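A.B. asks: Dropping in start-v7.pdb, with PDB, C-alpha atoms.
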```pdb
MODEL        1
ATOM      1  CA  MET S  14      59.921 -28.056  29.504  1.00  0.00           C
ATOM      2  CA  THR S  15      56.126 -27.805  28.858  1.00  0.00           C
ATOM      3  CA  PHE S  16      54.505 -25.771  26.095  1.00  0.00           C
ATOM      4  CA  THR S  17      50.933 -24.533  26.307  1.00  0.00           C
ATOM      5  CA  SER S  18      48.883 -23.009  23.553  1.00  0.00           C
ATOM      6  CA  THR S  19      46.582 -20.086  23.960  1.00  0.00           C
ATOM      7  CA  THR S  20      43.766 -19.187  21.610  1.00  0.00           C
ATOM      8  CA  ILE S  21      42.868 -15.519  21.391  1.00  0.00           C
ATOM      9  CA  LEU S  22      39.387 -14.813  20.093  1.00  0.00           C
ATOM     10  CA  SER S  23      38.192 -11.578  18.622  1.00  0.00           C
ATOM     11  CA  PRO S  24      35.242  -9.917  20.420  1.00  0.00           C
ATOM     12  CA  ASP S  25      32.889 -11.134  17.673  1.00  0.00           C
ATOM     13  CA  ALA S  26      34.127 -14.703  17.963  1.00  0.00           C
ATOM     14  CA  THR S  27      33.689 -14.602  21.741  1.00  0.00           C
ATOM     15  CA  ARG S  28      30.160 -13.273  21.391  1.00  0.00           C
ATOM     16  CA  ALA S  29      29.250 -15.949  18.845  1.00  0.00           C
ATOM     17  CA  ALA S  30      30.740 -18.664  21.031  1.00  0.00           C
ATOM     18  CA  THR S  31      28.771 -17.532  24.088  1.00  0.00           C
ATOM     19  CA  THR S  32      25.399 -17.047  22.346  1.00  0.00           C
ATOM     20  CA  PRO S  33      23.114 -19.957  23.225  1.00  0.00           C
ATOM     21  CA  PRO S  34      21.808 -21.830  20.156  1.00  0.00           C
ATOM     22  CA  ALA S  35      18.187 -21.132  21.100  1.00  0.00           C
ATOM     23  CA  VAL S  36      18.821 -17.367  21.154  1.00  0.00           C
ATOM     24  CA  ALA S  37      20.651 -17.496  17.818  1.00  0.00           C
ATOM     25  CA  ALA S  38      17.761 -19.458  16.268  1.00  0.00           C
ATOM     26  CA  THR S  39      15.258 -16.931  17.625  1.00  0.00           C
ATOM     27  CA  ARG S  40      17.203 -14.018  16.096  1.00  0.00           C
ATOM     28  CA  GLU S  41      17.214 -15.773  12.718  1.00  0.00           C
ATOM     29  CA  ALA S  42      13.456 -16.338  12.952  1.00  0.00           C
ATOM     30  CA  LEU S  43      12.922 -12.615  13.577  1.00  0.00           C
ATOM     31  CA  THR S  44      14.650 -11.636  10.344  1.00  0.00           C
ATOM     32  CA  GLU S  45      12.724 -11.600   7.076  1.00  0.00           C
ATOM     33  CA  THR S  46      13.794 -10.663   3.551  1.00  0.00           C
ATOM     34  CA  ARG S  47      11.156  -9.269   1.216  1.00  0.00           C
ATOM     35  CA  GLY S  48      11.714  -7.719  -2.206  1.00  0.00           C
ATOM     36  CA  GLY S  49      15.375  -6.945  -1.566  1.00  0.00           C
ATOM     37  CA  LEU S  50      14.626  -5.399   1.824  1.00  0.00           C
ATOM     38  CA  ARG S  51      15.475  -6.923   5.165  1.00  0.00           C
ATOM     39  CA  LEU S  52      13.168  -6.691   8.173  1.00  0.00           C
ATOM     40  CA  VAL S  53      14.642  -7.250  11.617  1.00  0.00           C
ATOM     41  CA  GLN S  54      12.225  -7.531  14.528  1.00  0.00           C
ATOM     42  CA  VAL S  55      13.257  -4.990  17.181  1.00  0.00           C
ATOM     43  CA  ARG S  56      10.274  -5.459  19.508  1.00  0.00           C
ATOM     44  CA  ASP S  57       6.981  -7.313  19.287  1.00  0.00           C
ATOM     45  CA  ASP S  58       5.400  -4.301  17.601  1.00  0.00           C
ATOM     46  CA  LEU S  59       8.372  -2.823  15.682  1.00  0.00           C
ATOM     47  CA  ALA S  60      10.548  -4.019  12.792  1.00  0.00           C
ATOM     48  CA  ARG S  61      13.546  -2.203  11.267  1.00  0.00           C
ATOM     49  CA  VAL S  62      13.660  -2.058   7.446  1.00  0.00           C
ATOM     50  CA  THR S  63      17.124  -2.077   5.848  1.00  0.00           C
ATOM     51  CA  ARG S  64      18.681  -2.604   2.437  1.00  0.00           C
ATOM     52  CA  ALA S  65      20.866  -5.667   1.918  1.00  0.00           C
ATOM     53  CA  GLY S  66      23.954  -3.504   2.563  1.00  0.00           C
ATOM     54  CA  GLY S  67      22.693  -2.468   6.005  1.00  0.00           C
ATOM     55  CA  GLU S  68      21.389   1.044   5.242  1.00  0.00           C
ATOM     56  CA  VAL S  69      18.409   1.760   7.507  1.00  0.00           C
ATOM     57  CA  LEU S  70      15.370   2.873   5.519  1.00  0.00           C
ATOM     58  CA  GLY S  71      12.909   3.095   8.383  1.00  0.00           C
ATOM     59  CA  TYR S  72      10.540   1.122  10.575  1.00  0.00           C
ATOM     60  CA  VAL S  73       7.263  -0.757  10.329  1.00  0.00           C
ATOM     61  CA  GLU S  74       5.226  -0.453  13.511  1.00  0.00           C
ATOM     62  CA  ARG S  75       2.177  -2.509  14.518  1.00  0.00           C
ATOM     63  CA  LEU S  76      -0.781  -0.510  15.827  1.00  0.00           C
ATOM     64  CA  ASP S  77      -3.821  -1.760  17.695  1.00  0.00           C
ATOM     65  CA  ASP S  78      -7.068  -0.964  15.926  1.00  0.00           C
ATOM     66  CA  PRO S  79     -10.630  -2.021  16.841  1.00  0.00           C
ATOM     67  CA  LEU S  80     -10.906  -3.701  13.418  1.00  0.00           C
ATOM     68  CA  GLY S  81      -7.561  -5.534  13.691  1.00  0.00           C
ATOM     69  CA  ASP S  82      -3.854  -4.866  13.474  1.00  0.00           C
ATOM     70  CA  ARG S  83      -2.696  -1.891  11.412  1.00  0.00           C
ATOM     71  CA  TRP S  84       0.865  -1.263  10.279  1.00  0.00           C
ATOM     72  CA  ARG S  85       2.501   2.173  10.112  1.00  0.00           C
ATOM     73  CA  ALA S  86       5.514   2.720   7.840  1.00  0.00           C
ATOM     74  CA  LYS S  87       8.003   5.419   8.852  1.00  0.00           C
ATOM     75  CA  ARG S  88      10.899   6.351   6.560  1.00  0.00           C
ATOM     76  CA  PHE S  89      14.167   7.582   8.051  1.00  0.00           C
ATOM     77  CA  VAL S  90      15.442  10.819   6.474  1.00  0.00           C
ATOM     78  CA  ALA S  91      19.169  10.767   7.265  1.00  0.00           C
ATOM     79  CA  ARG S  92      19.932  14.368   6.225  1.00  0.00           C
ATOM     80  CA  GLU S  93      17.305  15.678   8.621  1.00  0.00           C
ATOM     81  CA  ARG S  94      17.750  12.937  11.253  1.00  0.00           C
ATOM     82  CA  ARG S  95      14.038  12.338  11.592  1.00  0.00           C
ATOM     83  CA  PHE S  96      11.283   9.941  10.588  1.00  0.00           C
ATOM     84  CA  VAL S  97       8.515  10.731   8.127  1.00  0.00           C
ATOM     85  CA  GLU S  98       5.306   8.738   8.251  1.00  0.00           C
ATOM     86  CA  ILE S  99       4.578   7.181   4.871  1.00  0.00           C
ATOM     87  CA  GLY S 100       1.201   5.718   5.744  1.00  0.00           C
ATOM     88  CA  GLU S 101      -0.852   3.091   7.559  1.00  0.00           C
ATOM     89  CA  PHE S 102      -1.699  -0.287   6.063  1.00  0.00           C
ATOM     90  CA  TRP S 103      -3.774  -3.357   6.919  1.00  0.00           C
ATOM     91  CA  SER S 104      -0.861  -5.757   6.301  1.00  0.00           C
ATOM     92  CA  ARG S 105       2.804  -5.780   7.232  1.00  0.00           C
ATOM     93  CA  SER S 106       3.765  -6.762   3.695  1.00  0.00           C
ATOM     94  CA  ASP S 107       2.005  -3.699   2.234  1.00  0.00           C
ATOM     95  CA  ALA S 108       3.752  -1.450   4.754  1.00  0.00           C
ATOM     96  CA  THR S 109       7.088  -3.019   3.806  1.00  0.00           C
ATOM     97  CA  ASP S 110       6.465  -2.724   0.063  1.00  0.00           C
ATOM     98  CA  CYS S 111       6.000   1.041   0.346  1.00  0.00           C
ATOM     99  CA  PHE S 112       9.758   1.336   1.118  1.00  0.00           C
ATOM    100  CA  ARG S 113      10.527  -0.117  -2.288  1.00  0.00           C
ATOM    101  CA  PHE S 114       8.262   2.321  -4.142  1.00  0.00           C
ATOM    102  CA  ALA S 115       8.348   5.501  -2.030  1.00  0.00           C
TER     103      ALA S 115
ENDMDL
END
```
Could you show the structure in this file as structure tokens?
C.D. replies:
Amino acid sequence: MTFTSTTILSPDATRAATTPPAVAATREALTETRGGLRLVQVRDDLARVTRAGGEVLGYVERLDDPLGDRWRAKRFVARERRFVEIGEFWSRSDATDCFRFA
């Protein structure tokens, strides 16, 4: 009589096991924590701003400007299910900081 063992993985464990190390490292590099807020790069020109608990506060978007890159901060208003523009800034860090103070 022969016994075989079977390992059953949860969907998350399967996903983690199949994610190439280079992709996982890239995702980590696209995440930044600043002043208690977490920025996750969504696209080259867009980053999601969340609290440590995962609540989405809004987005920081890069804009092309003749004088250089500008950054637009947009706060998510959950009750109204819409975004409100907070302002435009010359640095990504300034755009991110406005979520802490606005």
A.B. asks: Please list as a list in words every residue within 9 Å of Ala86 in chain S, counting all atoms listed in the file and excluding residues in the same chain fewer than 3 positions away.
C.D. replies: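 Residues near the query, excluding close chain neighbours: Gly71, Tyr72, Val73, Glu74, Val97, Glu98, Ile99, Gly100, Glu101, Phe102, Arg105, Ala108, Thr109, Cys111 and Phe112 of chain S.
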A.B. asks: Show me, as a ChimeraX atom specification, the residues that have an atom within 12 Å of range 43-49 of chain S when counting all atoms listed in the file, minus same-chain residues fewer than 4 positions from it.
C.D. replies: /S:36-39,53-67,105-114
A.B. asks: Assuming 3 Å of padding per side, give the centre and edge lengths of the axis-aligned box around every listed atom of range 50-64 of chain S, in Å to one decimal and as JSON.
C.D. replies:
```
{"center_x": 12.0, "center_y": -4.8, "center_z": 10.7, "size_x": 19.3, "size_y": 11.5, "size_z": 23.7}
```
A.B. asks: Figure out the distance between CA of Leu70 in chain S and CA of Phe89 in chain S, please, to one decimal in Å.
C.D. replies: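 CA of Leu70 in chain S lies at a distance of 5.5 Å from CA of Phe89 in chain S.
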A.B. asks: Please indicate the distance in Å from CA of Leu80 in chain S to CA of Trp103 in chain S, rounded to one decimal place.
C.D. replies: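 Atom-to-atom, CA of Leu80 in chain S and CA of Trp103 in chain S are spaced 9.7 Å apart.
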A.B. asks: So what do you get for CA of Ser104 in chain S versus CA of Arg83 in chain S, distance-wise?
C.D. replies: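 Distance between the two atoms: 6.7 Å.
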